[in-house]
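Q: Structure below; questions to follow.
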Amino acid sequence: MKTFFHLVQEVQKPGLCHRCGGCVTFCTAINYGALELDAEGKPQYADMEKCIECGLCYAICPEINEFEEETKRLVTWSAPMGRVIETSVLRACDPRIREQATDGGAVTALLTHLFDSGRIDGAIVTRQVNPFQREPFLALTRQEILDSSGFHIDTSHGMKRFSDRYLTYASIEELQPVLSKGLRRVAFVGTPCQIKSVRKMQAMEIVPSESIAYCLGLFCSGNFIFGPEQREKLAEIGGFSWDDVRKMNIKDSFQVHLQSGEVRCINLDELDFMKRVACRYCPDYTAEYADLSFGGLGADEGWTTVLARTPLGRAILADARGEALEDFDHRNNPKYATQAFKAALSWTEHKKSRAEDNRQELGRPQVRLKG
């Protein structure tokens, strides 16, 4: 049986670790305490003697093929970019959410709707901790969900914060506080690698996956690190000063919105110097294992492309329509949703192709490229 030692050799050392936090999340949830994340979000031994070598941390990793078919069956995955039941272009009905959130605020609007209607007790999101970094956060109130909305700049450390504040309660001693707070149904908002890790836990029926009611995935061209050197080089490429920046966004390019109203667009291929190494080998652009996938690609400014992938995802989307979410008026462009789907498919093919090429250079086989 392979263990965390093999995970280090096969995934970390070649540079394939996405730092999704799945392995540490599971180990913490069952109170083994053998693993932890270091200051940079990389899994490591916290206490090697506590490791019982169960091998589950190895199987959970989205880079490992174990339980691959079971995970695909769980979400009825199909090529070329996972199951897509419906494509929509949506935005929040509430103009205050649209102003604060990204790409029309569809994710925030849906989360608040789920919370208000009693379908979730909380949501694992990320919140801003400085102008260039966000951290994982378990939002337990409507206001906390609203306060966490906005654009993801730096990469977060996967599910670490969720593990610290909630998953450890899965142990016998801490189960009562969870029940007293009613934390039985949680929505998880994450990147493709994080969603895949959660789905593998669900396929294996191990804690803490039973607490995650909805998986909301984000389109992801890669996680970018905004250190001082990266910020300086990005400003040079884009020809702007950080003092003039109002906001940033990622669609088919990296968009820097200036105070003057001008938008500087930078080709994403020019940002490899900022991208986490493992992202170069990831083929999943649209969070193929989620219930719903969200992204600004293919939609006009202020709108969100949404892919409904599971009946559950389509159901909660339908319930939020008209109350929390509004559709783009298709009379203005009857083919809008189709165009958004084609844009997502195009970028999926592009990311898969680049990942496959990079894998060949690395000498490592590709994971989950084909059905």
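We label chains A, B, ... in the order they appear in the structure tokens, count residues from 1 in each chain, and number ligands from 1 in the order shown.
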Using only C-alpha atoms, which residues sit within 10 Å of Leu90 of chain A once same-chain residues fewer than 6 positions away are excluded, as a PyMOL selection string?

A: chain A and resi 103-107+294+299+302-306+321+325-329+337

Q: Pull N, CA, C and O atoms from the residues just selected and write them as a compact mmCIF listing (two decimals), in the first residue's frame.

A:
```txt
# COMPACT_ATOMS: atom_id res chain seq x y z
N ASP A 103 -17.54 39.30 -11.83
CA ASP A 103 -18.29 38.71 -12.95
C ASP A 103 -19.79 38.59 -12.67
O ASP A 103 -20.42 37.57 -12.95
N GLY A 104 -20.36 39.64 -12.10
CA GLY A 104 -21.79 39.63 -11.87
C GLY A 104 -22.24 39.04 -10.55
O GLY A 104 -23.43 39.08 -10.23
N GLY A 105 -21.31 38.47 -9.79
CA GLY A 105 -21.64 37.99 -8.45
C GLY A 105 -22.54 36.78 -8.40
O GLY A 105 -23.25 36.57 -7.40
N ALA A 106 -22.52 35.93 -9.42
CA ALA A 106 -23.42 34.78 -9.44
C ALA A 106 -23.15 33.80 -8.30
O ALA A 106 -24.09 33.26 -7.70
N VAL A 107 -21.88 33.56 -8.00
CA VAL A 107 -21.55 32.62 -6.93
C VAL A 107 -22.05 33.15 -5.58
O VAL A 107 -22.69 32.44 -4.81
N PHE A 294 -18.42 28.03 -12.56
CA PHE A 294 -18.61 29.46 -12.78
C PHE A 294 -17.35 30.11 -13.34
O PHE A 294 -16.24 29.78 -12.93
N ALA A 299 -18.63 35.54 -21.24
CA ALA A 299 -19.71 36.45 -20.83
C ALA A 299 -19.22 37.89 -20.87
O ALA A 299 -18.04 38.16 -20.69
N GLY A 302 -19.60 41.93 -16.15
CA GLY A 302 -20.72 41.97 -15.22
C GLY A 302 -21.64 40.76 -15.29
O GLY A 302 -22.67 40.73 -14.61
N TRP A 303 -21.26 39.75 -16.08
CA TRP A 303 -22.06 38.53 -16.19
C TRP A 303 -21.18 37.30 -15.98
O TRP A 303 -19.97 37.37 -16.14
N THR A 304 -21.81 36.19 -15.63
CA THR A 304 -21.10 34.95 -15.32
C THR A 304 -21.59 33.82 -16.21
O THR A 304 -22.80 33.61 -16.35
N THR A 305 -20.66 33.09 -16.79
CA THR A 305 -21.00 31.84 -17.48
C THR A 305 -21.13 30.74 -16.44
O THR A 305 -20.23 30.56 -15.61
N VAL A 306 -22.25 30.02 -16.45
CA VAL A 306 -22.50 28.98 -15.47
C VAL A 306 -22.81 27.67 -16.19
O VAL A 306 -23.70 27.61 -17.04
N ARG A 321 -33.15 31.21 -9.67
CA ARG A 321 -33.49 32.08 -10.79
C ARG A 321 -34.71 32.94 -10.47
O ARG A 321 -35.71 32.46 -9.92
N LEU A 325 -30.88 35.26 -8.85
CA LEU A 325 -30.12 35.30 -10.10
C LEU A 325 -31.03 35.69 -11.27
O LEU A 325 -32.19 35.26 -11.33
N GLU A 326 -30.49 36.49 -12.15
CA GLU A 326 -31.23 36.85 -13.36
C GLU A 326 -30.46 36.42 -14.60
O GLU A 326 -29.23 36.49 -14.64
N ASP A 327 -31.20 35.96 -15.61
CA ASP A 327 -30.61 35.52 -16.87
C ASP A 327 -30.34 36.70 -17.79
O ASP A 327 -31.08 37.70 -17.78
N PHE A 328 -29.32 36.55 -18.59
CA PHE A 328 -29.08 37.50 -19.67
C PHE A 328 -30.28 37.45 -20.61
O PHE A 328 -30.81 36.37 -20.91
N ASP A 329 -30.72 38.58 -21.08
CA ASP A 329 -31.88 38.65 -21.98
C ASP A 329 -31.48 38.08 -23.34
O ASP A 329 -30.80 38.73 -24.14
N ALA A 337 -25.65 31.88 -24.83
CA ALA A 337 -25.26 30.74 -24.01
C ALA A 337 -24.42 29.74 -24.80
O ALA A 337 -23.44 29.19 -24.30
```

Q: Please, which residues in segment 36-120 of chain A fall within 10 Å of segment 133-151 of chain A when counting only C-alpha atoms, and what is the closest atom pair and distance in Å to one decimal for each, ordered by chain then residue number, as a Markdown table?

A:
```
| residue | atom | partner | partner_atom | distance |
| --- | --- | --- | --- | --- |
| A:Arg96 | CA | A:Leu146 | CA | 9.7 |
| A:Ile97 | CA | A:Leu146 | CA | 7.4 |
| A:Arg98 | CA | A:Gly150 | CA | 9.7 |
| A:Glu99 | CA | A:Gly150 | CA | 9.4 |
| A:Gln100 | CA | A:Gly150 | CA | 6.3 |
| A:Ala101 | CA | A:Gly150 | CA | 4.3 |
| A:Thr102 | CA | A:Gly150 | CA | 5.2 |
| A:Asp103 | CA | A:Phe151 | CA | 8.8 |
| A:Gly105 | CA | A:Ser149 | CA | 7.8 |
| A:Val107 | CA | A:Ser149 | CA | 8.5 |
| A:Thr108 | CA | A:Ser149 | CA | 6.3 |
| A:Ala109 | CA | A:Leu146 | CA | 8.6 |
| A:Leu111 | CA | A:Ile145 | CA | 7.3 |
| A:Thr112 | CA | A:Arg142 | CA | 6.0 |
| A:His113 | CA | A:Arg142 | CA | 9.1 |
| A:Leu114 | CA | A:Arg142 | CA | 9.8 |
| A:Phe115 | CA | A:Arg142 | CA | 6.8 |
| A:Asp116 | CA | A:Arg142 | CA | 7.6 |
| A:Ile120 | CA | A:Leu140 | CA | 9.4 |
```

Q: Looking only at the backbone, which of the residues in segment 219-370 of chain A does DSSP tag as strand (DSSP E), as a list in words?

A: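 Written out, the strand (DSSP E) residues of segment 219-370 of chain A are Val245, Arg246, Lys247, Met248, Asn249, Ile250, Phe254, Gln255, Val256, His257, Leu258, Val263, Arg264, Cys265, Ile266, Leu292, Ser293, Phe294, Gly295, Thr304, Thr305, Val306, Leu307, Ala308, Leu325, Glu326 and Asp327 of chain A.
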
Q: I need the chosen residues saved as a PDB file, in the first residue's frame, with N, CA and C atoms.

A:
```
ATOM      1  N   VAL A 245      -4.350  51.052 -10.128  1.00  0.00           N
ATOM      2  CA  VAL A 245      -5.193  49.878 -10.333  1.00  0.00           C
ATOM      3  C   VAL A 245      -6.439  49.941  -9.464  1.00  0.00           C
ATOM      4  N   ARG A 246      -7.601  49.742 -10.104  1.00  0.00           N
ATOM      5  CA  ARG A 246      -8.878  49.706  -9.381  1.00  0.00           C
ATOM      6  C   ARG A 246      -9.286  48.276  -9.055  1.00  0.00           C
ATOM      7  N   LYS A 247      -9.157  47.374 -10.019  1.00  0.00           N
ATOM      8  CA  LYS A 247      -9.457  45.967  -9.789  1.00  0.00           C
ATOM      9  C   LYS A 247      -8.823  45.140 -10.889  1.00  0.00           C
ATOM     10  N   MET A 248      -8.814  43.818 -10.698  1.00  0.00           N
ATOM     11  CA  MET A 248      -8.276  42.890 -11.688  1.00  0.00           C
ATOM     12  C   MET A 248      -9.248  41.740 -11.894  1.00  0.00           C
ATOM     13  N   ASN A 249      -9.159  41.119 -13.040  1.00  0.00           N
ATOM     14  CA  ASN A 249     -10.027  39.993 -13.351  1.00  0.00           C
ATOM     15  C   ASN A 249      -9.347  39.118 -14.387  1.00  0.00           C
ATOM     16  N   ILE A 250      -9.807  37.874 -14.477  1.00  0.00           N
ATOM     17  CA  ILE A 250      -9.276  36.943 -15.478  1.00  0.00           C
ATOM     18  C   ILE A 250     -10.431  36.404 -16.297  1.00  0.00           C
ATOM     19  N   PHE A 254      -5.710  38.418 -18.816  1.00  0.00           N
ATOM     20  CA  PHE A 254      -5.619  39.009 -17.483  1.00  0.00           C
ATOM     21  C   PHE A 254      -5.939  40.492 -17.621  1.00  0.00           C
ATOM     22  N   GLN A 255      -7.004  40.922 -16.973  1.00  0.00           N
ATOM     23  CA  GLN A 255      -7.493  42.278 -17.160  1.00  0.00           C
ATOM     24  C   GLN A 255      -7.188  43.144 -15.939  1.00  0.00           C
ATOM     25  N   VAL A 256      -6.520  44.261 -16.190  1.00  0.00           N
ATOM     26  CA  VAL A 256      -6.194  45.217 -15.137  1.00  0.00           C
ATOM     27  C   VAL A 256      -7.031  46.470 -15.377  1.00  0.00           C
ATOM     28  N   HIS A 257      -7.968  46.754 -14.480  1.00  0.00           N
ATOM     29  CA  HIS A 257      -8.848  47.907 -14.605  1.00  0.00           C
ATOM     30  C   HIS A 257      -8.221  49.084 -13.855  1.00  0.00           C
ATOM     31  N   LEU A 258      -7.994  50.184 -14.553  1.00  0.00           N
ATOM     32  CA  LEU A 258      -7.361  51.349 -13.962  1.00  0.00           C
ATOM     33  C   LEU A 258      -8.400  52.350 -13.461  1.00  0.00           C
ATOM     34  N   VAL A 263      -8.764  49.660 -19.430  1.00  0.00           N
ATOM     35  CA  VAL A 263      -8.514  48.267 -19.073  1.00  0.00           C
ATOM     36  C   VAL A 263      -7.292  47.767 -19.856  1.00  0.00           C
ATOM     37  N   ARG A 264      -6.269  47.340 -19.151  1.00  0.00           N
ATOM     38  CA  ARG A 264      -5.082  46.756 -19.782  1.00  0.00           C
ATOM     39  C   ARG A 264      -5.245  45.240 -19.796  1.00  0.00           C
ATOM     40  N   CYS A 265      -5.157  44.647 -20.978  1.00  0.00           N
ATOM     41  CA  CYS A 265      -5.321  43.201 -21.133  1.00  0.00           C
ATOM     42  C   CYS A 265      -3.971  42.554 -21.425  1.00  0.00           C
ATOM     43  N   ILE A 266      -3.643  41.539 -20.660  1.00  0.00           N
ATOM     44  CA  ILE A 266      -2.371  40.839 -20.806  1.00  0.00           C
ATOM     45  C   ILE A 266      -2.645  39.380 -21.158  1.00  0.00           C
ATOM     46  N   LEU A 292     -21.867  22.790 -10.114  1.00  0.00           N
ATOM     47  CA  LEU A 292     -21.977  23.964 -10.972  1.00  0.00           C
ATOM     48  C   LEU A 292     -20.585  24.554 -11.152  1.00  0.00           C
ATOM     49  N   SER A 293     -20.296  25.030 -12.354  1.00  0.00           N
ATOM     50  CA  SER A 293     -19.014  25.678 -12.624  1.00  0.00           C
ATOM     51  C   SER A 293     -19.266  27.120 -13.057  1.00  0.00           C
ATOM     52  N   PHE A 294     -18.416  28.032 -12.561  1.00  0.00           N
ATOM     53  CA  PHE A 294     -18.612  29.464 -12.782  1.00  0.00           C
ATOM     54  C   PHE A 294     -17.351  30.114 -13.343  1.00  0.00           C
ATOM     55  N   GLY A 295     -17.547  31.061 -14.262  1.00  0.00           N
ATOM     56  CA  GLY A 295     -16.409  31.812 -14.781  1.00  0.00           C
ATOM     57  C   GLY A 295     -16.858  32.974 -15.639  1.00  0.00           C
ATOM     58  N   THR A 304     -21.808  36.191 -15.626  1.00  0.00           N
ATOM     59  CA  THR A 304     -21.096  34.950 -15.321  1.00  0.00           C
ATOM     60  C   THR A 304     -21.587  33.819 -16.206  1.00  0.00           C
ATOM     61  N   THR A 305     -20.661  33.085 -16.789  1.00  0.00           N
ATOM     62  CA  THR A 305     -21.002  31.844 -17.479  1.00  0.00           C
ATOM     63  C   THR A 305     -21.128  30.744 -16.436  1.00  0.00           C
ATOM     64  N   VAL A 306     -22.250  30.021 -16.455  1.00  0.00           N
ATOM     65  CA  VAL A 306     -22.499  28.978 -15.471  1.00  0.00           C
ATOM     66  C   VAL A 306     -22.808  27.666 -16.189  1.00  0.00           C
ATOM     67  N   LEU A 307     -22.072  26.628 -15.839  1.00  0.00           N
ATOM     68  CA  LEU A 307     -22.304  25.293 -16.382  1.00  0.00           C
ATOM     69  C   LEU A 307     -22.942  24.436 -15.306  1.00  0.00           C
ATOM     70  N   ALA A 308     -24.167  23.980 -15.556  1.00  0.00           N
ATOM     71  CA  ALA A 308     -24.825  23.041 -14.641  1.00  0.00           C
ATOM     72  C   ALA A 308     -24.395  21.640 -15.043  1.00  0.00           C
ATOM     73  N   LEU A 325     -30.879  35.255  -8.853  1.00  0.00           N
ATOM     74  CA  LEU A 325     -30.123  35.298 -10.104  1.00  0.00           C
ATOM     75  C   LEU A 325     -31.028  35.693 -11.267  1.00  0.00           C
ATOM     76  N   GLU A 326     -30.495  36.487 -12.153  1.00  0.00           N
ATOM     77  CA  GLU A 326     -31.235  36.848 -13.363  1.00  0.00           C
ATOM     78  C   GLU A 326     -30.460  36.423 -14.605  1.00  0.00           C
ATOM     79  N   ASP A 327     -31.201  35.965 -15.610  1.00  0.00           N
ATOM     80  CA  ASP A 327     -30.608  35.523 -16.866  1.00  0.00           C
ATOM     81  C   ASP A 327     -30.343  36.704 -17.789  1.00  0.00           C
TER      82      ASP A 327
END
```

Q: Between atom CA of Gly296 of chain A and atom CA of Ala213 of chain A, what is the distance in Å, rounded to a tenth?

A: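 Here the two named atoms are 24.2 Å from each other.
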
Q: Could you name the residues that touch Ile52 of chain A at 10 Å or less, counting only C-alpha atoms, but leaving out those on the same chain fewer than 2 positions away, as a VMD selection string?

A: chain A and resid 3 32 34 48 to 50 54 to 55

Q: Quick one, how far is atom CA of Ala324 of chain A from atom CA of Gly222 of chain A?

A: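 That distance, rounded to one decimal, is 29.0 Å.
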
Q: What's around Lys342 of chain A at 12 Å? Count only C-alpha atoms, leave out sequence neighbours fewer than 2 positions away in its own chain, and write the answer as a PyMOL selection string.

A: chain A and resi 80-81+84+87+297-299+305+307+335-340+344-349

Q: If I take atom CA of Gly41 of chain A and atom CA of Arg19 of chain A, how far is one from the other in Å, to one decimal?

A: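 These two atoms are separated by 6.0 Å.
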
Q: Let's see if you can do this: from backbone DSSP, list all helix (DSSP H, G or I) residues in segment 70-283 of chain A, as number ranges by chain.

A: A: 70-75, 95-100, 103-116, 142-147, 160-165, 167-170, 172-181, 192-204, 209-211, 228-238, 242-244, 268-274, 277-281

Q: Residues near segment 58-67 of chain A, anyone? I mean within 6 Å using only C-alpha atoms, not counting same-chain ones fewer than 2 positions away, as a compact mmCIF listing (two decimals) with all heavy atoms, in the first residue's frame.

A:
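Done, and the output landed in around37.txt:
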```
# COMPACT_ATOMS: atom_id res chain seq x y z
N THR A 3 1.73 5.23 0.61
CA THR A 3 1.43 6.15 1.70
C THR A 3 1.83 7.57 1.33
O THR A 3 2.17 7.86 0.18
CB THR A 3 2.18 5.72 2.96
OG1 THR A 3 3.60 5.90 2.74
CG2 THR A 3 1.90 4.26 3.30
N PHE A 4 1.83 8.46 2.33
CA PHE A 4 2.22 9.84 2.09
C PHE A 4 3.66 9.93 1.61
O PHE A 4 4.00 10.82 0.83
CB PHE A 4 2.04 10.66 3.37
CG PHE A 4 2.36 12.12 3.18
CD1 PHE A 4 1.52 12.95 2.46
CD2 PHE A 4 3.53 12.67 3.71
CE1 PHE A 4 1.82 14.30 2.27
CE2 PHE A 4 3.83 14.01 3.53
CZ PHE A 4 2.97 14.82 2.81
N LEU A 7 3.49 9.73 -1.95
CA LEU A 7 2.89 10.95 -2.48
C LEU A 7 3.96 12.03 -2.65
O LEU A 7 3.97 12.76 -3.64
CB LEU A 7 1.79 11.43 -1.54
CG LEU A 7 0.67 12.29 -2.12
CD1 LEU A 7 -0.04 11.58 -3.26
CD2 LEU A 7 -0.32 12.66 -1.03
N GLY A 55 -2.98 4.91 3.63
CA GLY A 55 -2.93 5.09 2.19
C GLY A 55 -4.04 5.96 1.61
O GLY A 55 -4.06 6.22 0.41
N LEU A 56 -4.95 6.42 2.46
CA LEU A 56 -6.07 7.21 1.94
C LEU A 56 -5.62 8.59 1.47
O LEU A 56 -6.18 9.13 0.52
CB LEU A 56 -7.15 7.34 3.01
CG LEU A 56 -7.88 6.03 3.33
CD1 LEU A 56 -8.86 6.23 4.48
CD2 LEU A 56 -8.61 5.50 2.11
N GLU A 69 -12.13 5.99 -11.77
CA GLU A 69 -13.37 5.59 -12.42
C GLU A 69 -14.56 5.77 -11.49
O GLU A 69 -15.65 6.19 -11.92
CB GLU A 69 -13.28 4.14 -12.90
CG GLU A 69 -12.29 3.94 -14.05
CD GLU A 69 -12.57 4.86 -15.22
OE1 GLU A 69 -13.76 4.98 -15.61
OE2 GLU A 69 -11.63 5.47 -15.73
N GLU A 70 -14.38 5.47 -10.20
CA GLU A 70 -15.45 5.65 -9.24
C GLU A 70 -15.84 7.13 -9.11
O GLU A 70 -17.02 7.46 -9.00
CB GLU A 70 -15.03 5.11 -7.86
CG GLU A 70 -14.85 3.61 -7.80
CD GLU A 70 -13.46 3.15 -8.21
OE1 GLU A 70 -12.71 3.96 -8.81
OE2 GLU A 70 -13.13 2.00 -7.94
N LYS A 196 -11.95 18.20 -7.27
CA LYS A 196 -11.62 16.80 -7.58
C LYS A 196 -11.27 16.04 -6.31
O LYS A 196 -11.68 14.89 -6.12
CB LYS A 196 -10.44 16.76 -8.56
CG LYS A 196 -9.97 15.35 -8.92
CD LYS A 196 -10.94 14.66 -9.87
CE LYS A 196 -10.46 13.25 -10.24
NZ LYS A 196 -9.24 13.26 -11.05
N SER A 197 -10.52 16.66 -5.42
CA SER A 197 -10.14 16.01 -4.17
C SER A 197 -11.38 15.71 -3.32
O SER A 197 -11.51 14.62 -2.76
CB SER A 197 -9.17 16.91 -3.39
OG SER A 197 -8.75 16.28 -2.20
N LYS A 200 -13.29 12.80 -4.80
CA LYS A 200 -12.65 11.51 -4.54
C LYS A 200 -12.99 11.03 -3.13
O LYS A 200 -13.22 9.84 -2.89
CB LYS A 200 -11.14 11.60 -4.74
CG LYS A 200 -10.73 11.83 -6.19
CD LYS A 200 -9.23 11.69 -6.41
CE LYS A 200 -8.81 10.24 -6.50
NZ LYS A 200 -7.38 10.10 -6.88
```
